[in-house]
Amino acid sequence: MLRELAPQVLGILVRRYGQFDACEDAVQEALLDAAVQWPGQGVPDSPRAWLVTVAARRLTDHVRSEHARRRREETVAARAPADEAVVPAPGEDRPGDEDDTLTLLFLCCHPSLSRASQLALTLRAVGGLTTAQIAAAFLVPEATMAQRISRAKQRVKAAGVPFRLPPESERADRLRVVLHVLYLIFNEGYTATSGPDLHRPDLTREAVRLTRALLRLLPGDGEVMGLLALMLLTEARRPARTGPGGRLVPLAEQDRSLWDRKAVGEGAALVTAALSTAPVGPYQIQAAIAAVHDEAPRAEDTDWRQILALYGVLLGLEDNPVVRLNHAVAVAMVRGPEAGLALLDELAADERMAAHHRLSAVRAHLLEEAGDHACAVAAYRAAAARTASEPERRYLEERAARLDK
């Protein structure tokens, strides 16, 4: 609940007062107060109004203590609604206190920020990811990411960015960043980059919720439809991805009867509609690939030739190391593991992927398929040493141990 409410409360405060960085600090303090007080005192009848009230008081306190100028105090007081200090009755919200999450998304993706800063700030302010999680998503040190987020907040403040949806002329470019951010939030939830759990369902649910809200705002956008389809088709497999004790179960070994067929149906319908009515984009193609996997009754029934063809289209739209890695897997499934391994050798020259555990994990699997068990064991162990995810590490170590007997 706090994860869902946090961007809404932040949006309300930024719309009222501006000062993005100060408002975010105030909201974080209000969330901390809630985490401390609510377990003992109970959740208030109107949780969002409680958070808005506490955060607004914190913001006013900061203005007084940090600036100590009567003029600034008067400015804040003059802009504050007269009923700010009173929590509305249950079920009531103040006028204008609607969900501003989407506006906040576009604010964080303002063109005055670099692309990397847009992604990082949105993941922090809207997605609720920690700095460490965002750093892992971007493959950079945590300290670097902390500085990037701080600079982004200062840039938003200095630019005086208005709190409203962008004009039509700017929406397309900023929408691409928003979609990428939602994609990263979902990925962090579906396969956590660190920690004891493979999944973080709170993040996947929030990513799906925000993408549904974005589709309501832009109902005809093919890439928004494609991203939502991709999320649904991927999330549908989650019930089968772990076994006893949280053990990771790879796609080929999953019990497909556990998959959420309602989500599969909705995702497949969305991607079909998007591909037939809108210009083709990378999220639509990724969703189409996910649909081919999900619609196969058994792993051995998967149409890998169709998947390989779709990856060829995707490479033409979005050529990056992750797409190339997945393309190599599809090549191996169609043309044999040696063909896939040859493509991995090319990828190893990319410093962004050379030390990543996924490259070593795929190499290990293809070496195992090719019958080179000694090299596969070494690659599995190298991949296990490079991942911070405990379920992934256990799975990779188990694969190595099984081959090393």
# chains A, B, ... in the order shown; residues from 1 in each chain; ligands from 1
>>> residues_around(residues="Arg238 (chain A)", least_positions_apart="6", cutoff="9 Å", atoms="only C-alpha atoms", output="ChimeraX atom specification")
/A:190,199,258-260
>>> closest_atom_pairs(of="region 109-130 of chain A", to="region 10-23 of chain A", cutoff="12 Å", atoms="only C-alpha atoms", output="tab-separated table")
residue	atom	partner	partner_atom	distance
A:Leu121	CA	A:Asp21	CA	10.6
A:Arg124	CA	A:Asp21	CA	11.7
A:Ala125	CA	A:Leu10	CA	8.0
A:Val126	CA	A:Leu10	CA	8.7
A:Gly127	CA	A:Leu10	CA	12.0
A:Gly128	CA	A:Leu10	CA	11.5
>>> residues_around(residues="Arg261 (chain A)", least_positions_apart="5", cutoff="9 Å", atoms="only C-alpha atoms", output="ChimeraX atom specification")
/A:236,266,294
>>> residues_around(residues="Glu397 (chain A)", least_positions_apart="4", cutoff="9 Å", atoms="only C-alpha atoms", output="PyMOL selection string")
chain A and resi 377+380-381+383-384+392-393+401-402
>>> residues_around(residues="region 113-116 of chain A", least_positions_apart="3", cutoff="9 Å", atoms="only C-alpha atoms", output="ChimeraX atom specification")
/A:108-110,119-121,138,148,152,155-156,177
>>> atom_distance(atom1="CA of Arg205 (chain A)", atom2="CA of Gly265 (chain A)")
17.7 Å
>>> closest_residue(among="A:Ile289, A:Val334, A:Leu179, A:Thr302", to="Leu314 (chain A)", atoms="only C-alpha atoms")
A:Ile289
>>> residues_around(residues="Leu344 (chain A)", least_positions_apart="3", cutoff="8 Å", atoms="only C-alpha atoms", output="list in words")
Leu325, Ala328, Gly340, Leu341, Leu347, Ala348, Leu359 and Arg363 of chain A
>>> residues_around(residues="region 335-339 of chain A", least_positions_apart="3", cutoff="6 Å", atoms="only C-alpha atoms", output="list in words")
Val331, Ala332, Ala342, Leu366 and Ala370 of chain A
>>> select_by_dssp(residues="region 255-305 of chain A", states="helix (DSSP H, G or I)", output="MDAnalysis selection string")
chainID A and resid 256:258 261:277 282:295 299:301 304:305
>>> closest_residue(among="A:Ala268, A:Ile285, A:Leu31, A:Val52", to="Arg3 (chain A)", atoms="only C-alpha atoms")
A:Leu31
>>> closest_residue(among="A:Ala240, A:Val323, A:Leu107, A:Ala135", to="Val161 (chain A)", atoms="only C-alpha atoms")
A:Leu107
>>> atom_distance(atom1="CA of Gly281 (chain A)", atom2="CA of Gln133 (chain A)")
27.2 Å
>>> atom_distance(atom1="CA of Thr193 (chain A)", atom2="CA of Ser117 (chain A)")
20.1 Å
>>> decode(residues="region 354-368 of chain A", atoms="all heavy atoms", output="short mmCIF file (atom, residue, chain, number, x, y, z; two decimals), in the first residue's frame")
data_model
loop_
_atom_site.label_atom_id
_atom_site.label_comp_id
_atom_site.auth_asym_id
_atom_site.auth_seq_id
_atom_site.Cartn_x
_atom_site.Cartn_y
_atom_site.Cartn_z
N ALA A 354 30.59 -8.53 -20.69
CA ALA A 354 31.68 -9.48 -20.44
C ALA A 354 31.67 -10.01 -19.02
O ALA A 354 31.96 -11.20 -18.78
CB ALA A 354 33.02 -8.82 -20.76
N ALA A 355 31.37 -9.17 -18.04
CA ALA A 355 31.41 -9.61 -16.64
C ALA A 355 30.02 -9.90 -16.08
O ALA A 355 29.89 -10.16 -14.89
CB ALA A 355 32.09 -8.53 -15.79
N HIS A 356 29.00 -9.89 -16.93
CA HIS A 356 27.63 -10.10 -16.44
C HIS A 356 27.36 -11.60 -16.32
O HIS A 356 27.75 -12.40 -17.18
CB HIS A 356 26.63 -9.47 -17.40
CG HIS A 356 25.29 -9.23 -16.78
ND1 HIS A 356 24.35 -10.22 -16.67
CD2 HIS A 356 24.73 -8.13 -16.22
CE1 HIS A 356 23.27 -9.75 -16.07
NE2 HIS A 356 23.47 -8.48 -15.80
N HIS A 357 26.64 -11.97 -15.27
CA HIS A 357 26.42 -13.40 -15.03
C HIS A 357 25.57 -14.06 -16.10
O HIS A 357 25.71 -15.26 -16.37
CB HIS A 357 25.79 -13.61 -13.65
CG HIS A 357 24.32 -13.32 -13.59
ND1 HIS A 357 23.82 -12.04 -13.44
CD2 HIS A 357 23.24 -14.14 -13.67
CE1 HIS A 357 22.50 -12.10 -13.43
NE2 HIS A 357 22.12 -13.35 -13.56
N ARG A 358 24.71 -13.29 -16.76
CA ARG A 358 23.84 -13.91 -17.77
C ARG A 358 24.63 -14.45 -18.96
O ARG A 358 24.28 -15.49 -19.52
CB ARG A 358 22.79 -12.90 -18.26
CG ARG A 358 21.68 -12.64 -17.24
CD ARG A 358 20.50 -11.97 -17.90
NE ARG A 358 19.92 -12.83 -18.92
CZ ARG A 358 19.14 -12.38 -19.90
NH1 ARG A 358 18.86 -11.10 -20.01
NH2 ARG A 358 18.63 -13.21 -20.79
N LEU A 359 25.68 -13.74 -19.35
CA LEU A 359 26.49 -14.23 -20.46
C LEU A 359 27.14 -15.56 -20.10
O LEU A 359 27.12 -16.52 -20.88
CB LEU A 359 27.56 -13.19 -20.84
CG LEU A 359 28.50 -13.59 -21.99
CD1 LEU A 359 27.72 -13.84 -23.27
CD2 LEU A 359 29.55 -12.50 -22.22
N SER A 360 27.70 -15.65 -18.90
CA SER A 360 28.33 -16.90 -18.46
C SER A 360 27.30 -18.01 -18.31
O SER A 360 27.57 -19.17 -18.62
CB SER A 360 29.06 -16.68 -17.13
OG SER A 360 30.13 -15.78 -17.28
N ALA A 361 26.10 -17.66 -17.83
CA ALA A 361 25.06 -18.68 -17.64
C ALA A 361 24.61 -19.26 -18.97
O ALA A 361 24.44 -20.48 -19.11
CB ALA A 361 23.89 -18.07 -16.89
N VAL A 362 24.40 -18.41 -19.96
CA VAL A 362 24.00 -18.90 -21.28
C VAL A 362 25.12 -19.72 -21.90
O VAL A 362 24.89 -20.79 -22.48
CB VAL A 362 23.61 -17.72 -22.19
CG1 VAL A 362 23.40 -18.20 -23.63
CG2 VAL A 362 22.35 -17.04 -21.68
N ARG A 363 26.36 -19.25 -21.75
CA ARG A 363 27.49 -20.01 -22.28
C ARG A 363 27.54 -21.41 -21.64
O ARG A 363 27.74 -22.41 -22.32
CB ARG A 363 28.80 -19.27 -22.03
CG ARG A 363 30.03 -19.97 -22.64
CD ARG A 363 31.32 -19.25 -22.27
NE ARG A 363 31.34 -17.89 -22.77
CZ ARG A 363 31.62 -17.58 -24.03
NH1 ARG A 363 31.90 -18.53 -24.91
NH2 ARG A 363 31.63 -16.32 -24.41
N ALA A 364 27.33 -21.46 -20.32
CA ALA A 364 27.36 -22.75 -19.62
C ALA A 364 26.30 -23.69 -20.17
O ALA A 364 26.56 -24.88 -20.42
CB ALA A 364 27.16 -22.52 -18.12
N HIS A 365 25.09 -23.17 -20.37
CA HIS A 365 24.00 -24.01 -20.88
C HIS A 365 24.32 -24.55 -22.27
O HIS A 365 24.11 -25.74 -22.55
CB HIS A 365 22.71 -23.20 -20.90
CG HIS A 365 21.56 -23.91 -21.53
ND1 HIS A 365 20.94 -24.98 -20.94
CD2 HIS A 365 20.94 -23.72 -22.73
CE1 HIS A 365 19.97 -25.42 -21.74
NE2 HIS A 365 19.95 -24.67 -22.82
N LEU A 366 24.84 -23.68 -23.14
CA LEU A 366 25.13 -24.12 -24.51
C LEU A 366 26.31 -25.09 -24.52
O LEU A 366 26.32 -26.04 -25.32
CB LEU A 366 25.41 -22.91 -25.40
CG LEU A 366 24.23 -21.94 -25.59
CD1 LEU A 366 24.58 -20.87 -26.62
CD2 LEU A 366 22.97 -22.68 -26.01
N LEU A 367 27.29 -24.88 -23.65
CA LEU A 367 28.40 -25.84 -23.55
C LEU A 367 27.90 -27.19 -23.06
O LEU A 367 28.34 -28.24 -23.55
CB LEU A 367 29.48 -25.30 -22.60
CG LEU A 367 30.33 -24.15 -23.13
CD1 LEU A 367 31.13 -23.51 -21.99
CD2 LEU A 367 31.27 -24.65 -24.23
N GLU A 368 26.97 -27.16 -22.12
CA GLU A 368 26.38 -28.42 -21.65
C GLU A 368 25.64 -29.12 -22.79
O GLU A 368 25.78 -30.34 -22.97
CB GLU A 368 25.42 -28.14 -20.50
CG GLU A 368 24.77 -29.39 -19.93
CD GLU A 368 23.81 -29.09 -18.79
OE1 GLU A 368 23.73 -27.92 -18.35
OE2 GLU A 368 23.14 -30.04 -18.34
#
